[in-house]
Amino acid sequence: MEIIRRPHLMQQMALSLKRDKFKIAFVPTMGYLHSGHLSLVRRANQLGQVTVVSIFVNPTQFGPEEDYEEYPRDLARDAEMLKDLDVDVLFAPDATDLFPEGFSTTIENPSWGALLCGRSRPGHFRGVTTVVGKLFHLVFPDFAVFGQKDFQQCAIIKRMVLDLNFPMEIVVCPTVRESDGLAMSSRNVYLNPDERKAALVLHRSLQHIETLVGNGEHHGEKLTQALAELVGREPLARLDYAQVVDAATLEPLEKVDRKAAVLLAVHLGKTRLIDNVLLDPKGE
Ligand code: PAF
């Protein structure tokens, strides 16, 4: 595995791979890897002949009061974790190289970026689409692989790729969970033991909503209310939002009569966690 730090060297290598007709599969991450990331890498290995993983804690997607400084970082640990997987390049640029002084161009989907997580994290998705767009221009992937846990992020990136004609495919992989159901996230390390137990409320509540839908409840607002109520029963949890949306457009759904996503964001102490389930009433 080659480690590349400088953006222009990454781009030179990607261009030369493209000239030689290699298919590149790319896994963008912010590092502090866990099994969820590793499952994305394994999927990337199946998709392309060359696998590139990036590790970059992107300052532009954190709000001023958010955890940019505290976000866990350990490049040596991450490189060790990737060693036994079939990763060809680990791209780990510095923030000053990706966002040098004077940087002033952004990519934004203002409407989708203002929904759901965007309500409590204004500017977050502009930061995500800008960095992901830049990474795509440095890595030239044929495939980029993301995790379903970040459902809104996946939807916005898919839309960006479509709207801006990036010649590539976005592949979304299922959320990987701890044995008790908690969705894996680099931010889980922030949870104290009580919060860690309380965090199970996300998956438990979402599973309950799946059961309600399975039993014939298709009313979007009722499902949303039931979800909020379930989270409300956990004293350590503070609901940010619960919403049933059209999986393709992120619009709130009155009736679950097409592919839908049930999305949840919950604060546990200082940590904000997200999770979701997909509903497919027609079973397609
Ligand atoms: O999902 C993440 O880890 C980040 O938002 C991403 C896509 C790597 C962009 O910084």
# chains A, B, ... in the order shown; residues from 1 in each chain; ligands from 1
>>> residues_around(residues="range 240-254 of chain A", least_positions_apart="3", cutoff="6 Å", atoms="only C-alpha atoms", output="ChimeraX atom specification")
/A:220,224,259-266
>>> select_by_dssp(residues="range 17-120 of chain A", states="alpha helix (DSSP H)", output="PyMOL selection string")
chain A and resi 17-19+35-47+75-83+95-98+110-113+117-120
>>> write_last_selection(atoms="C-alpha atoms", output="PDB file, in the first residue's frame")
ATOM      1  CA  LEU A  17      -3.945   4.595 -13.954  1.00  0.00           C
ATOM      2  CA  LYS A  18      -6.811   5.901 -16.087  1.00  0.00           C
ATOM      3  CA  ARG A  19      -4.544   6.087 -19.135  1.00  0.00           C
ATOM      4  CA  SER A  35     -15.302  -2.416  10.696  1.00  0.00           C
ATOM      5  CA  GLY A  36     -17.879  -0.338   8.828  1.00  0.00           C
ATOM      6  CA  HIS A  37     -15.115   1.375   6.836  1.00  0.00           C
ATOM      7  CA  LEU A  38     -13.400  -1.961   6.252  1.00  0.00           C
ATOM      8  CA  SER A  39     -16.606  -3.371   4.753  1.00  0.00           C
ATOM      9  CA  LEU A  40     -16.604  -0.432   2.297  1.00  0.00           C
ATOM     10  CA  VAL A  41     -13.000  -1.231   1.368  1.00  0.00           C
ATOM     11  CA  ARG A  42     -13.885  -4.880   0.745  1.00  0.00           C
ATOM     12  CA  ARG A  43     -16.726  -3.780  -1.527  1.00  0.00           C
ATOM     13  CA  ALA A  44     -14.343  -1.418  -3.353  1.00  0.00           C
ATOM     14  CA  ASN A  45     -11.930  -4.316  -3.885  1.00  0.00           C
ATOM     15  CA  GLN A  46     -14.700  -6.200  -5.697  1.00  0.00           C
ATOM     16  CA  LEU A  47     -15.639  -3.224  -7.852  1.00  0.00           C
ATOM     17  CA  LEU A  75      -3.055   7.632  10.759  1.00  0.00           C
ATOM     18  CA  ALA A  76      -0.574   4.945  11.876  1.00  0.00           C
ATOM     19  CA  ARG A  77      -3.401   2.872  13.404  1.00  0.00           C
ATOM     20  CA  ASP A  78      -5.546   3.328  10.275  1.00  0.00           C
ATOM     21  CA  ALA A  79      -2.687   2.359   7.933  1.00  0.00           C
ATOM     22  CA  GLU A  80      -2.119  -0.785  10.012  1.00  0.00           C
ATOM     23  CA  MET A  81      -5.823  -1.689   9.749  1.00  0.00           C
ATOM     24  CA  LEU A  82      -5.731  -1.319   5.965  1.00  0.00           C
ATOM     25  CA  LYS A  83      -2.514  -3.291   5.555  1.00  0.00           C
ATOM     26  CA  ALA A  95      -5.815  20.469   5.280  1.00  0.00           C
ATOM     27  CA  THR A  96      -3.504  23.269   4.102  1.00  0.00           C
ATOM     28  CA  ASP A  97      -2.920  21.392   0.827  1.00  0.00           C
ATOM     29  CA  LEU A  98      -6.583  20.714   0.121  1.00  0.00           C
ATOM     30  CA  PRO A 110     -28.762  24.333  -1.008  1.00  0.00           C
ATOM     31  CA  SER A 111     -32.195  22.712  -0.798  1.00  0.00           C
ATOM     32  CA  TRP A 112     -31.222  19.122   0.067  1.00  0.00           C
ATOM     33  CA  GLY A 113     -28.393  20.372   2.260  1.00  0.00           C
ATOM     34  CA  CYS A 117     -29.162  17.001   9.448  1.00  0.00           C
ATOM     35  CA  GLY A 118     -28.685  20.290   7.612  1.00  0.00           C
ATOM     36  CA  ARG A 119     -31.145  21.991   9.960  1.00  0.00           C
ATOM     37  CA  SER A 120     -28.890  21.543  12.969  1.00  0.00           C
TER      38      SER A 120
END
>>> closest_residue(among="A:Asn165, A:Ser205, A:Ser179, A:Gln148", to="ligand 1", atoms="only C-alpha atoms and all ligand atoms")
A:Gln148
>>> residues_around(residues="Val189 in chain A", least_positions_apart="6", cutoff="12 Å", atoms="only C-alpha atoms", output="VMD selection string")
chain A and resid 32 to 34 70 to 73 195 to 196 199 270 to 273
>>> residues_near_ligand(ligand="ligand 1", cutoff="9 Å", atoms="only C-alpha atoms and all ligand atoms", output="JSON, numbers by chain")
{"A": [27, 28, 29, 30, 31, 37, 54, 55, 56, 57, 58, 59, 60, 61, 124, 125, 127, 128, 129, 130, 131, 132, 135, 146, 147, 149, 150, 153, 154, 157, 186]}
>>> residues_around(residues="Phe91 in chain A", least_positions_apart="6", cutoff="9 Å", atoms="only C-alpha atoms", output="short mmCIF file (atom, residue, chain, number, x, y, z; two decimals) with all heavy atoms, in the first residue's frame")
data_model
loop_
_atom_site.label_atom_id
_atom_site.label_comp_id
_atom_site.auth_asym_id
_atom_site.auth_seq_id
_atom_site.Cartn_x
_atom_site.Cartn_y
_atom_site.Cartn_z
N GLU A 2 0.65 2.08 -0.98
CA GLU A 2 1.44 3.32 -1.06
C GLU A 2 0.68 4.44 -0.32
O GLU A 2 -0.55 4.56 -0.49
CB GLU A 2 1.60 3.68 -2.53
CG GLU A 2 2.53 4.86 -2.73
CD GLU A 2 2.89 5.07 -4.20
OE1 GLU A 2 2.71 4.13 -5.01
OE2 GLU A 2 3.33 6.17 -4.52
N ILE A 3 1.40 5.22 0.48
CA ILE A 3 0.74 6.35 1.15
C ILE A 3 1.12 7.62 0.39
O ILE A 3 2.31 7.91 0.18
CB ILE A 3 1.17 6.45 2.63
CG1 ILE A 3 0.77 5.16 3.35
CG2 ILE A 3 0.53 7.67 3.30
CD1 ILE A 3 1.03 5.13 4.84
N ILE A 4 0.12 8.34 -0.07
CA ILE A 4 0.35 9.59 -0.81
C ILE A 4 -0.20 10.73 0.03
O ILE A 4 -1.35 10.67 0.48
CB ILE A 4 -0.33 9.54 -2.20
CG1 ILE A 4 0.27 8.41 -3.03
CG2 ILE A 4 -0.20 10.88 -2.92
CD1 ILE A 4 -0.27 8.31 -4.45
N ARG A 5 0.59 11.77 0.24
CA ARG A 5 0.14 12.90 1.05
C ARG A 5 -0.23 14.11 0.19
O ARG A 5 -1.05 14.92 0.58
CB ARG A 5 1.25 13.32 2.05
CG ARG A 5 1.78 12.24 2.99
CD ARG A 5 0.70 11.69 3.92
NE ARG A 5 0.03 12.69 4.71
CZ ARG A 5 0.12 12.85 6.03
NH1 ARG A 5 0.88 12.02 6.72
NH2 ARG A 5 -0.55 13.78 6.66
N ARG A 6 0.40 14.25 -0.97
CA ARG A 6 0.22 15.50 -1.73
C ARG A 6 -0.85 15.32 -2.82
O ARG A 6 -0.79 14.35 -3.61
CB ARG A 6 1.54 15.91 -2.40
CG ARG A 6 2.74 16.04 -1.45
CD ARG A 6 2.51 17.08 -0.37
NE ARG A 6 2.16 18.39 -0.86
CZ ARG A 6 3.03 19.31 -1.27
NH1 ARG A 6 4.32 19.06 -1.25
NH2 ARG A 6 2.62 20.49 -1.69
N PRO A 7 -1.81 16.26 -2.88
CA PRO A 7 -2.89 16.14 -3.86
C PRO A 7 -2.41 15.99 -5.31
O PRO A 7 -2.93 15.15 -6.06
CB PRO A 7 -3.68 17.44 -3.68
CG PRO A 7 -3.40 17.82 -2.25
CD PRO A 7 -2.01 17.38 -1.96
N MET A 10 -1.33 12.47 -6.00
CA MET A 10 -2.49 11.58 -6.11
C MET A 10 -3.10 11.71 -7.51
O MET A 10 -3.42 10.71 -8.17
CB MET A 10 -3.52 11.96 -5.03
CG MET A 10 -4.76 11.11 -5.02
SD MET A 10 -4.47 9.40 -4.50
CE MET A 10 -4.83 8.51 -6.00
N VAL A 52 -8.44 2.84 -3.78
CA VAL A 52 -7.87 4.02 -3.11
C VAL A 52 -8.75 4.34 -1.91
O VAL A 52 -9.97 4.40 -2.03
CB VAL A 52 -7.83 5.24 -4.06
CG1 VAL A 52 -7.27 6.48 -3.34
CG2 VAL A 52 -7.04 4.95 -5.33
N VAL A 53 -8.11 4.54 -0.75
CA VAL A 53 -8.84 4.99 0.45
C VAL A 53 -8.27 6.36 0.81
O VAL A 53 -7.05 6.55 0.79
CB VAL A 53 -8.60 4.01 1.63
CG1 VAL A 53 -9.24 4.55 2.91
CG2 VAL A 53 -9.15 2.63 1.30
N SER A 54 -9.16 7.31 1.10
CA SER A 54 -8.63 8.60 1.58
C SER A 54 -8.98 8.77 3.05
O SER A 54 -10.02 8.30 3.52
CB SER A 54 -9.18 9.78 0.77
OG SER A 54 -10.54 9.95 1.01
N ILE A 55 -8.07 9.43 3.75
CA ILE A 55 -8.30 9.78 5.15
C ILE A 55 -8.05 11.27 5.25
O ILE A 55 -6.94 11.76 5.01
CB ILE A 55 -7.36 9.00 6.08
CG1 ILE A 55 -7.74 7.52 6.04
CG2 ILE A 55 -7.44 9.56 7.51
CD1 ILE A 55 -6.97 6.64 6.98
N PHE A 56 -9.13 11.99 5.55
CA PHE A 56 -9.00 13.45 5.66
C PHE A 56 -10.12 13.97 6.54
O PHE A 56 -11.30 13.82 6.20
CB PHE A 56 -9.08 14.09 4.26
CG PHE A 56 -8.99 15.59 4.29
CD1 PHE A 56 -7.82 16.22 4.72
CD2 PHE A 56 -10.07 16.38 3.92
CE1 PHE A 56 -7.72 17.61 4.78
CE2 PHE A 56 -9.99 17.76 3.97
CZ PHE A 56 -8.81 18.38 4.41
#
>>> atom_distance(atom1="CA of Phe22 in chain A", atom2="CA of Lys134 in chain A")
20.4 Å
>>> atom_distance(atom1="CA of Val277 in chain A", atom2="CA of Gly181 in chain A")
12.2 Å
